[in-house]
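**Student:** Dropping in start.txt, which is compact mmCIF, N, CA and C atoms:
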# COMPACT_ATOMS: atom_id res chain seq x y z
N MET A 182 60.71 105.03 113.44
CA MET A 182 61.39 103.90 112.85
C MET A 182 61.66 104.14 111.36
N SER A 183 60.67 104.69 110.66
CA SER A 183 60.81 104.95 109.24
C SER A 183 61.90 105.98 108.97
N ASP A 184 62.01 107.00 109.83
CA ASP A 184 63.05 108.01 109.65
C ASP A 184 64.44 107.41 109.83
N GLN A 185 64.57 106.48 110.75
CA GLN A 185 65.88 105.83 110.96
C GLN A 185 66.26 104.99 109.76
N VAL A 186 65.29 104.29 109.19
CA VAL A 186 65.56 103.47 108.00
C VAL A 186 65.92 104.37 106.83
N ASN A 187 65.19 105.46 106.64
CA ASN A 187 65.48 106.39 105.55
C ASN A 187 66.86 107.01 105.72
N ARG A 188 67.22 107.34 106.95
CA ARG A 188 68.53 107.92 107.20
C ARG A 188 69.63 106.90 106.91
N PHE A 189 69.39 105.63 107.29
CA PHE A 189 70.37 104.58 107.04
C PHE A 189 70.54 104.35 105.54
N LEU A 190 69.43 104.30 104.80
CA LEU A 190 69.49 104.04 103.36
C LEU A 190 69.87 105.26 102.54
N GLY A 191 69.69 106.44 103.09
CA GLY A 191 70.00 107.66 102.36
C GLY A 191 68.84 108.18 101.53
N ASP A 192 67.74 107.45 101.49
CA ASP A 192 66.56 107.83 100.73
C ASP A 192 65.42 106.95 101.20
N SER A 193 64.25 107.09 100.59
CA SER A 193 63.13 106.24 100.97
C SER A 193 63.40 104.81 100.52
N ILE A 194 62.65 103.88 101.10
CA ILE A 194 62.86 102.47 100.79
C ILE A 194 62.58 102.18 99.31
N GLY A 195 61.49 102.72 98.79
CA GLY A 195 61.14 102.49 97.39
C GLY A 195 62.19 103.01 96.42
N ARG A 196 62.62 104.23 96.65
CA ARG A 196 63.64 104.82 95.77
C ARG A 196 64.96 104.07 95.86
N THR A 197 65.30 103.62 97.05
CA THR A 197 66.55 102.87 97.22
C THR A 197 66.48 101.54 96.49
N ILE A 198 65.34 100.86 96.55
CA ILE A 198 65.18 99.59 95.84
C ILE A 198 65.29 99.79 94.34
N ILE A 199 64.66 100.86 93.82
CA ILE A 199 64.73 101.14 92.38
C ILE A 199 66.18 101.44 91.97
N LYS A 200 66.89 102.24 92.76
CA LYS A 200 68.30 102.53 92.45
C LYS A 200 69.14 101.27 92.44
N LEU A 201 68.91 100.40 93.44
CA LEU A 201 69.68 99.16 93.50
C LEU A 201 69.37 98.25 92.32
N LEU A 202 68.11 98.20 91.89
CA LEU A 202 67.75 97.40 90.72
C LEU A 202 68.42 97.91 89.45
N VAL A 203 68.42 99.23 89.27
CA VAL A 203 69.04 99.81 88.07
C VAL A 203 70.54 99.55 88.06
N VAL A 204 71.20 99.79 89.19
CA VAL A 204 72.64 99.58 89.26
C VAL A 204 72.97 98.10 89.08
N SER A 205 72.16 97.21 89.66
CA SER A 205 72.38 95.77 89.50
C SER A 205 72.24 95.35 88.05
N LEU A 206 71.27 95.92 87.36
CA LEU A 206 71.07 95.62 85.94
C LEU A 206 72.27 96.06 85.13
N ILE A 207 72.79 97.25 85.38
CA ILE A 207 73.94 97.77 84.64
C ILE A 207 75.19 96.92 84.94
N VAL A 208 75.43 96.63 86.21
CA VAL A 208 76.60 95.83 86.57
C VAL A 208 76.49 94.43 85.99
N GLY A 209 75.31 93.84 86.04
CA GLY A 209 75.10 92.51 85.45
C GLY A 209 75.35 92.51 83.96
N PHE A 210 74.92 93.55 83.27
CA PHE A 210 75.15 93.67 81.83
C PHE A 210 76.63 93.77 81.52
N VAL A 211 77.36 94.60 82.26
CA VAL A 211 78.80 94.77 82.05
C VAL A 211 79.53 93.47 82.35
N MET A 212 79.14 92.79 83.42
CA MET A 212 79.79 91.51 83.75
C MET A 212 79.53 90.47 82.67
N ALA A 213 78.32 90.46 82.09
CA ALA A 213 78.01 89.52 81.01
C ALA A 213 78.83 89.82 79.77
N ILE A 214 79.06 91.10 79.49
CA ILE A 214 79.87 91.47 78.33
C ILE A 214 81.29 90.93 78.47
N PHE A 215 81.85 91.04 79.69
CA PHE A 215 83.22 90.57 79.92
C PHE A 215 83.28 89.09 80.28
N GLY A 216 82.14 88.43 80.34
CA GLY A 216 82.12 87.00 80.63
C GLY A 216 82.46 86.65 82.07
N LEU A 217 82.17 87.55 82.99
CA LEU A 217 82.48 87.31 84.39
C LEU A 217 81.27 86.73 85.12
N THR A 218 81.55 85.85 86.06
CA THR A 218 80.49 85.32 86.92
C THR A 218 80.84 85.68 88.37
N PRO A 219 79.85 85.70 89.24
CA PRO A 219 80.16 85.99 90.65
C PRO A 219 81.15 85.01 91.25
N TRP A 220 81.02 83.71 90.93
CA TRP A 220 81.95 82.72 91.48
C TRP A 220 83.36 82.94 90.95
N GLU A 221 83.46 83.36 89.71
CA GLU A 221 84.78 83.64 89.15
C GLU A 221 85.45 84.78 89.89
N LEU A 222 84.69 85.79 90.25
CA LEU A 222 85.24 86.90 91.03
C LEU A 222 85.70 86.43 92.41
N VAL A 223 84.91 85.56 93.03
CA VAL A 223 85.29 85.02 94.34
C VAL A 223 86.56 84.20 94.23
N TYR A 224 86.64 83.33 93.23
CA TYR A 224 87.83 82.50 93.05
C TYR A 224 89.06 83.35 92.72
N ASN A 225 88.89 84.36 91.88
CA ASN A 225 90.01 85.24 91.55
C ASN A 225 90.50 85.99 92.78
N PHE A 226 89.59 86.45 93.62
CA PHE A 226 89.98 87.13 94.85
C PHE A 226 90.72 86.18 95.78
N ARG A 227 90.20 84.96 95.91
CA ARG A 227 90.86 83.95 96.74
C ARG A 227 92.27 83.65 96.22
N ASP A 228 92.41 83.47 94.90
CA ASP A 228 93.72 83.19 94.32
C ASP A 228 94.67 84.36 94.54
N PHE A 229 94.15 85.59 94.47
CA PHE A 229 94.98 86.77 94.71
C PHE A 229 95.51 86.77 96.14
N VAL A 230 94.63 86.47 97.10
CA VAL A 230 95.04 86.46 98.51
C VAL A 230 96.06 85.36 98.76
N VAL A 231 95.84 84.17 98.20
CA VAL A 231 96.78 83.06 98.37
C VAL A 231 98.12 83.41 97.75
N HIS A 232 98.12 83.99 96.56
CA HIS A 232 99.37 84.39 95.90
C HIS A 232 100.11 85.44 96.72
N LEU A 233 99.38 86.41 97.22
CA LEU A 233 99.98 87.45 98.05
C LEU A 233 100.56 86.85 99.32
N TRP A 234 99.86 85.90 99.93
CA TRP A 234 100.32 85.24 101.15
C TRP A 234 101.63 84.50 100.88
N ARG A 235 101.66 83.73 99.79
CA ARG A 235 102.87 82.95 99.47
C ARG A 235 104.04 83.86 99.11
N GLN A 236 103.78 84.91 98.36
CA GLN A 236 104.85 85.83 97.99
C GLN A 236 105.37 86.57 99.22
N GLY A 237 104.49 86.86 100.15
CA GLY A 237 104.91 87.55 101.37
C GLY A 237 105.87 86.72 102.18
N PHE A 238 105.59 85.42 102.32
CA PHE A 238 106.49 84.57 103.09
C PHE A 238 107.79 84.30 102.35
N SER A 239 107.74 84.23 101.03
CA SER A 239 109.00 84.06 100.31
C SER A 239 109.85 85.33 100.41
N ALA A 240 109.19 86.48 100.48
CA ALA A 240 109.93 87.73 100.67
C ALA A 240 110.58 87.76 102.05
N LEU A 241 109.87 87.23 103.05
CA LEU A 241 110.47 87.16 104.38
C LEU A 241 111.69 86.26 104.39
N GLY A 242 111.68 85.20 103.61
CA GLY A 242 112.84 84.32 103.50
C GLY A 242 114.02 85.06 102.89
N ARG A 243 113.75 85.94 101.95
CA ARG A 243 114.83 86.72 101.32
C ARG A 243 115.38 87.78 102.25
N VAL A 244 114.61 88.20 103.25
CA VAL A 244 115.09 89.19 104.20
C VAL A 244 116.33 88.67 104.91
N GLY A 245 116.31 87.39 105.27
CA GLY A 245 117.48 86.78 105.91
C GLY A 245 118.70 86.83 105.01
N ASP A 246 118.50 86.57 103.72
CA ASP A 246 119.62 86.66 102.77
C ASP A 246 120.16 88.07 102.70
N TYR A 247 119.27 89.05 102.61
CA TYR A 247 119.70 90.45 102.55
C TYR A 247 120.41 90.85 103.83
N LEU A 248 119.93 90.35 104.96
CA LEU A 248 120.55 90.66 106.24
C LEU A 248 121.98 90.13 106.30
N MET A 249 122.17 88.92 105.84
CA MET A 249 123.52 88.32 105.85
C MET A 249 124.45 89.06 104.90
N LEU A 250 123.95 89.41 103.72
CA LEU A 250 124.78 90.14 102.76
C LEU A 250 125.20 91.50 103.31
N GLY A 251 124.26 92.21 103.89
CA GLY A 251 124.58 93.52 104.45
C GLY A 251 125.49 93.42 105.65
N ALA A 252 125.33 92.38 106.46
CA ALA A 252 126.14 92.22 107.66
C ALA A 252 127.61 91.95 107.31
N THR A 253 127.85 91.33 106.17
CA THR A 253 129.24 91.07 105.78
C THR A 253 130.01 92.36 105.53
N ILE A 254 129.31 93.43 105.23
CA ILE A 254 129.97 94.72 105.02
C ILE A 254 129.85 95.60 106.26
N VAL A 255 128.69 95.66 106.87
CA VAL A 255 128.42 96.60 107.96
C VAL A 255 129.18 96.23 109.23
N ILE A 256 129.20 94.96 109.61
CA ILE A 256 129.84 94.56 110.87
C ILE A 256 131.34 94.84 110.86
N PRO A 257 132.08 94.46 109.80
CA PRO A 257 133.51 94.80 109.82
C PRO A 257 133.77 96.32 109.85
N ILE A 258 132.97 97.08 109.11
CA ILE A 258 133.14 98.54 109.13
C ILE A 258 132.84 99.08 110.52
N PHE A 259 131.80 98.57 111.16
CA PHE A 259 131.46 98.99 112.52
C PHE A 259 132.61 98.69 113.49
N ILE A 260 133.18 97.49 113.38
CA ILE A 260 134.28 97.12 114.27
C ILE A 260 135.49 98.02 114.03
N ILE A 261 135.81 98.30 112.78
CA ILE A 261 136.96 99.17 112.46
C ILE A 261 136.72 100.57 113.02
N ILE A 262 135.52 101.11 112.83
CA ILE A 262 135.22 102.45 113.34
C ILE A 262 135.30 102.47 114.86
N ARG A 263 134.79 101.44 115.52
CA ARG A 263 134.85 101.40 116.99
C ARG A 263 136.29 101.27 117.48
N LEU A 264 137.14 100.54 116.76
CA LEU A 264 138.54 100.40 117.17
C LEU A 264 139.26 101.75 117.05
N PHE A 265 139.02 102.48 115.96
CA PHE A 265 139.66 103.76 115.79
C PHE A 265 139.15 104.79 116.79
N SER A 266 137.88 104.74 117.12
CA SER A 266 137.33 105.70 118.09
C SER A 266 137.71 105.30 119.53
N TYR A 267 138.05 104.06 119.77
CA TYR A 267 138.42 103.59 121.10
C TYR A 267 139.79 104.12 121.49
N ARG A 268 140.68 104.30 120.53
CA ARG A 268 142.03 104.76 120.79
C ARG A 268 142.04 106.22 121.22
N LYS A 269 141.06 106.97 120.83
CA LYS A 269 141.06 108.41 121.16
C LYS A 269 140.55 108.69 122.48
Do you think you could lay out the structure here as structure tokens?
**Tutor:**
Amino acid sequence: MSDQVNRFLGDSIGRTIIKLLVVSLIVGFVMAIFGLTPWELVYNFRDFVVHLWRQGFSALGRVGDYLMLGATIVIPIFIIIRLFSYRK
């Protein structure tokens, strides 16, 4: 059982806990310097996802506009090419 836990953690339990404590201390210090809180990170991530979601659907709405604009040129050219190739 202990070997499986060590393999999962990549090291012994004690060493892994010490590494996690040191990294947590460093990350906490850096976050305090920049004035970040865990909840602020969660809210910023949520706002990012909501913004991306809304922009994605507005982009889909513009696809219809682009389709209509392109069709005004492509369809007549297609019909003209088919008419000329039909005669041959």
**Student:** Between atom N of Val211 in chain A and atom N of Arg227 in chain A, what is the spacing in Å?
**Tutor:**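 These two atoms are separated by 21.1 Å.
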**Student:** Between atom C of Ala213 in chain A and CA of Leu233 in chain A, measure the distance and give it in Å to one decimal.
**Tutor:** 28.1 Å
**Student:** Just give me the gap between atom N of Thr218 in chain A and CA of Val204 in chain A in Å, one decimal is fine.
**Tutor:** 16.7 Å
**Student:** Edge lengths and centre in Å to one decimal, as lines of an AutoDock Vina configuration file, is what I'm after for the box along x, y and z that holds all listed atoms of range 187-205 of chain A once 3 Å is added on each side.
**Tutor:**
center_x = 67.1
center_y = 101.8
center_z = 97.7
size_x = 17.8
size_y = 18.8
size_z = 25.2
**Student:** Since the input has fewer atoms than a full residue there, write range 189-200 of chain A out with all heavy atoms, as a PDB file, keeping the file's coordinate frame.
**Tutor:**
ATOM      1  N   PHE A 189      69.390 105.630 107.290  1.00  0.00           N
ATOM      2  CA  PHE A 189      70.370 104.580 107.040  1.00  0.00           C
ATOM      3  C   PHE A 189      70.540 104.350 105.540  1.00  0.00           C
ATOM      4  O   PHE A 189      71.661 104.207 105.049  1.00  0.00           O
ATOM      5  CB  PHE A 189      69.937 103.282 107.723  1.00  0.00           C
ATOM      6  CG  PHE A 189      70.811 102.110 107.394  1.00  0.00           C
ATOM      7  CD1 PHE A 189      72.081 102.004 107.943  1.00  0.00           C
ATOM      8  CD2 PHE A 189      70.381 101.129 106.530  1.00  0.00           C
ATOM      9  CE1 PHE A 189      72.890 100.930 107.639  1.00  0.00           C
ATOM     10  CE2 PHE A 189      71.181 100.053 106.214  1.00  0.00           C
ATOM     11  CZ  PHE A 189      72.440  99.954 106.775  1.00  0.00           C
ATOM     12  N   LEU A 190      69.430 104.300 104.800  1.00  0.00           N
ATOM     13  CA  LEU A 190      69.490 104.040 103.360  1.00  0.00           C
ATOM     14  C   LEU A 190      69.870 105.260 102.540  1.00  0.00           C
ATOM     15  O   LEU A 190      70.294 105.138 101.399  1.00  0.00           O
ATOM     16  CB  LEU A 190      68.135 103.498 102.883  1.00  0.00           C
ATOM     17  CG  LEU A 190      67.703 102.142 103.444  1.00  0.00           C
ATOM     18  CD1 LEU A 190      66.298 101.805 102.963  1.00  0.00           C
ATOM     19  CD2 LEU A 190      68.686 101.061 103.045  1.00  0.00           C
ATOM     20  N   GLY A 191      69.690 106.440 103.090  1.00  0.00           N
ATOM     21  CA  GLY A 191      70.000 107.660 102.360  1.00  0.00           C
ATOM     22  C   GLY A 191      68.840 108.180 101.530  1.00  0.00           C
ATOM     23  O   GLY A 191      68.935 109.225 100.908  1.00  0.00           O
ATOM     24  N   ASP A 192      67.740 107.450 101.490  1.00  0.00           N
ATOM     25  CA  ASP A 192      66.560 107.830 100.730  1.00  0.00           C
ATOM     26  C   ASP A 192      65.420 106.950 101.200  1.00  0.00           C
ATOM     27  O   ASP A 192      65.580 106.134 102.097  1.00  0.00           O
ATOM     28  CB  ASP A 192      66.818 107.644  99.230  1.00  0.00           C
ATOM     29  CG  ASP A 192      66.005 108.597  98.365  1.00  0.00           C
ATOM     30  OD1 ASP A 192      65.061 109.219  98.884  1.00  0.00           O
ATOM     31  OD2 ASP A 192      66.322 108.711  97.168  1.00  0.00           O
ATOM     32  N   SER A 193      64.250 107.090 100.590  1.00  0.00           N
ATOM     33  CA  SER A 193      63.130 106.240 100.970  1.00  0.00           C
ATOM     34  C   SER A 193      63.400 104.810 100.520  1.00  0.00           C
ATOM     35  O   SER A 193      64.234 104.544  99.656  1.00  0.00           O
ATOM     36  CB  SER A 193      61.833 106.763 100.340  1.00  0.00           C
ATOM     37  OG  SER A 193      61.880 106.580  98.935  1.00  0.00           O
ATOM     38  N   ILE A 194      62.650 103.880 101.100  1.00  0.00           N
ATOM     39  CA  ILE A 194      62.860 102.470 100.790  1.00  0.00           C
ATOM     40  C   ILE A 194      62.580 102.180  99.310  1.00  0.00           C
ATOM     41  O   ILE A 194      63.359 101.497  98.648  1.00  0.00           O
ATOM     42  CB  ILE A 194      61.969 101.591 101.699  1.00  0.00           C
ATOM     43  CG1 ILE A 194      62.406 101.735 103.147  1.00  0.00           C
ATOM     44  CG2 ILE A 194      62.031 100.135 101.281  1.00  0.00           C
ATOM     45  CD1 ILE A 194      61.490 101.042 104.139  1.00  0.00           C
ATOM     46  N   GLY A 195      61.490 102.720  98.790  1.00  0.00           N
ATOM     47  CA  GLY A 195      61.140 102.490  97.390  1.00  0.00           C
ATOM     48  C   GLY A 195      62.190 103.010  96.420  1.00  0.00           C
ATOM     49  O   GLY A 195      62.571 102.314  95.477  1.00  0.00           O
ATOM     50  N   ARG A 196      62.620 104.230  96.650  1.00  0.00           N
ATOM     51  CA  ARG A 196      63.640 104.820  95.770  1.00  0.00           C
ATOM     52  C   ARG A 196      64.960 104.070  95.860  1.00  0.00           C
ATOM     53  O   ARG A 196      65.643 103.877  94.852  1.00  0.00           O
ATOM     54  CB  ARG A 196      63.829 106.287  96.097  1.00  0.00           C
ATOM     55  CG  ARG A 196      62.641 107.160  95.699  1.00  0.00           C
ATOM     56  CD  ARG A 196      62.832 108.584  96.148  1.00  0.00           C
ATOM     57  NE  ARG A 196      64.031 109.174  95.583  1.00  0.00           N
ATOM     58  CZ  ARG A 196      64.044 110.142  94.670  1.00  0.00           C
ATOM     59  NH1 ARG A 196      62.908 110.640  94.254  1.00  0.00           N
ATOM     60  NH2 ARG A 196      65.171 110.618  94.211  1.00  0.00           N
ATOM     61  N   THR A 197      65.300 103.620  97.050  1.00  0.00           N
ATOM     62  CA  THR A 197      66.550 102.870  97.220  1.00  0.00           C
ATOM     63  C   THR A 197      66.480 101.540  96.490  1.00  0.00           C
ATOM     64  O   THR A 197      67.440 101.127  95.834  1.00  0.00           O
ATOM     65  CB  THR A 197      66.830 102.644  98.722  1.00  0.00           C
ATOM     66  OG1 THR A 197      66.915 103.909  99.378  1.00  0.00           O
ATOM     67  CG2 THR A 197      68.124 101.894  98.924  1.00  0.00           C
ATOM     68  N   ILE A 198      65.340 100.860  96.550  1.00  0.00           N
ATOM     69  CA  ILE A 198      65.180  99.590  95.840  1.00  0.00           C
ATOM     70  C   ILE A 198      65.290  99.790  94.340  1.00  0.00           C
ATOM     71  O   ILE A 198      65.948  99.020  93.633  1.00  0.00           O
ATOM     72  CB  ILE A 198      63.832  98.929  96.227  1.00  0.00           C
ATOM     73  CG1 ILE A 198      63.906  98.428  97.673  1.00  0.00           C
ATOM     74  CG2 ILE A 198      63.483  97.785  95.280  1.00  0.00           C
ATOM     75  CD1 ILE A 198      62.595  97.897  98.216  1.00  0.00           C
ATOM     76  N   ILE A 199      64.660 100.860  93.820  1.00  0.00           N
ATOM     77  CA  ILE A 199      64.730 101.140  92.380  1.00  0.00           C
ATOM     78  C   ILE A 199      66.180 101.440  91.970  1.00  0.00           C
ATOM     79  O   ILE A 199      66.662 100.932  90.948  1.00  0.00           O
ATOM     80  CB  ILE A 199      63.785 102.294  92.005  1.00  0.00           C
ATOM     81  CG1 ILE A 199      62.333 101.827  92.130  1.00  0.00           C
ATOM     82  CG2 ILE A 199      64.060 102.797  90.594  1.00  0.00           C
ATOM     83  CD1 ILE A 199      61.305 102.907  91.970  1.00  0.00           C
ATOM     84  N   LYS A 200      66.890 102.240  92.760  1.00  0.00           N
ATOM     85  CA  LYS A 200      68.300 102.530  92.450  1.00  0.00           C
ATOM     86  C   LYS A 200      69.140 101.270  92.440  1.00  0.00           C
ATOM     87  O   LYS A 200      69.963 101.054  91.548  1.00  0.00           O
ATOM     88  CB  LYS A 200      68.869 103.514  93.478  1.00  0.00           C
ATOM     89  CG  LYS A 200      68.343 104.920  93.378  1.00  0.00           C
ATOM     90  CD  LYS A 200      68.925 105.772  94.488  1.00  0.00           C
ATOM     91  CE  LYS A 200      68.328 107.139  94.559  1.00  0.00           C
ATOM     92  NZ  LYS A 200      68.852 107.935  95.675  1.00  0.00           N
TER      93      LYS A 200
END
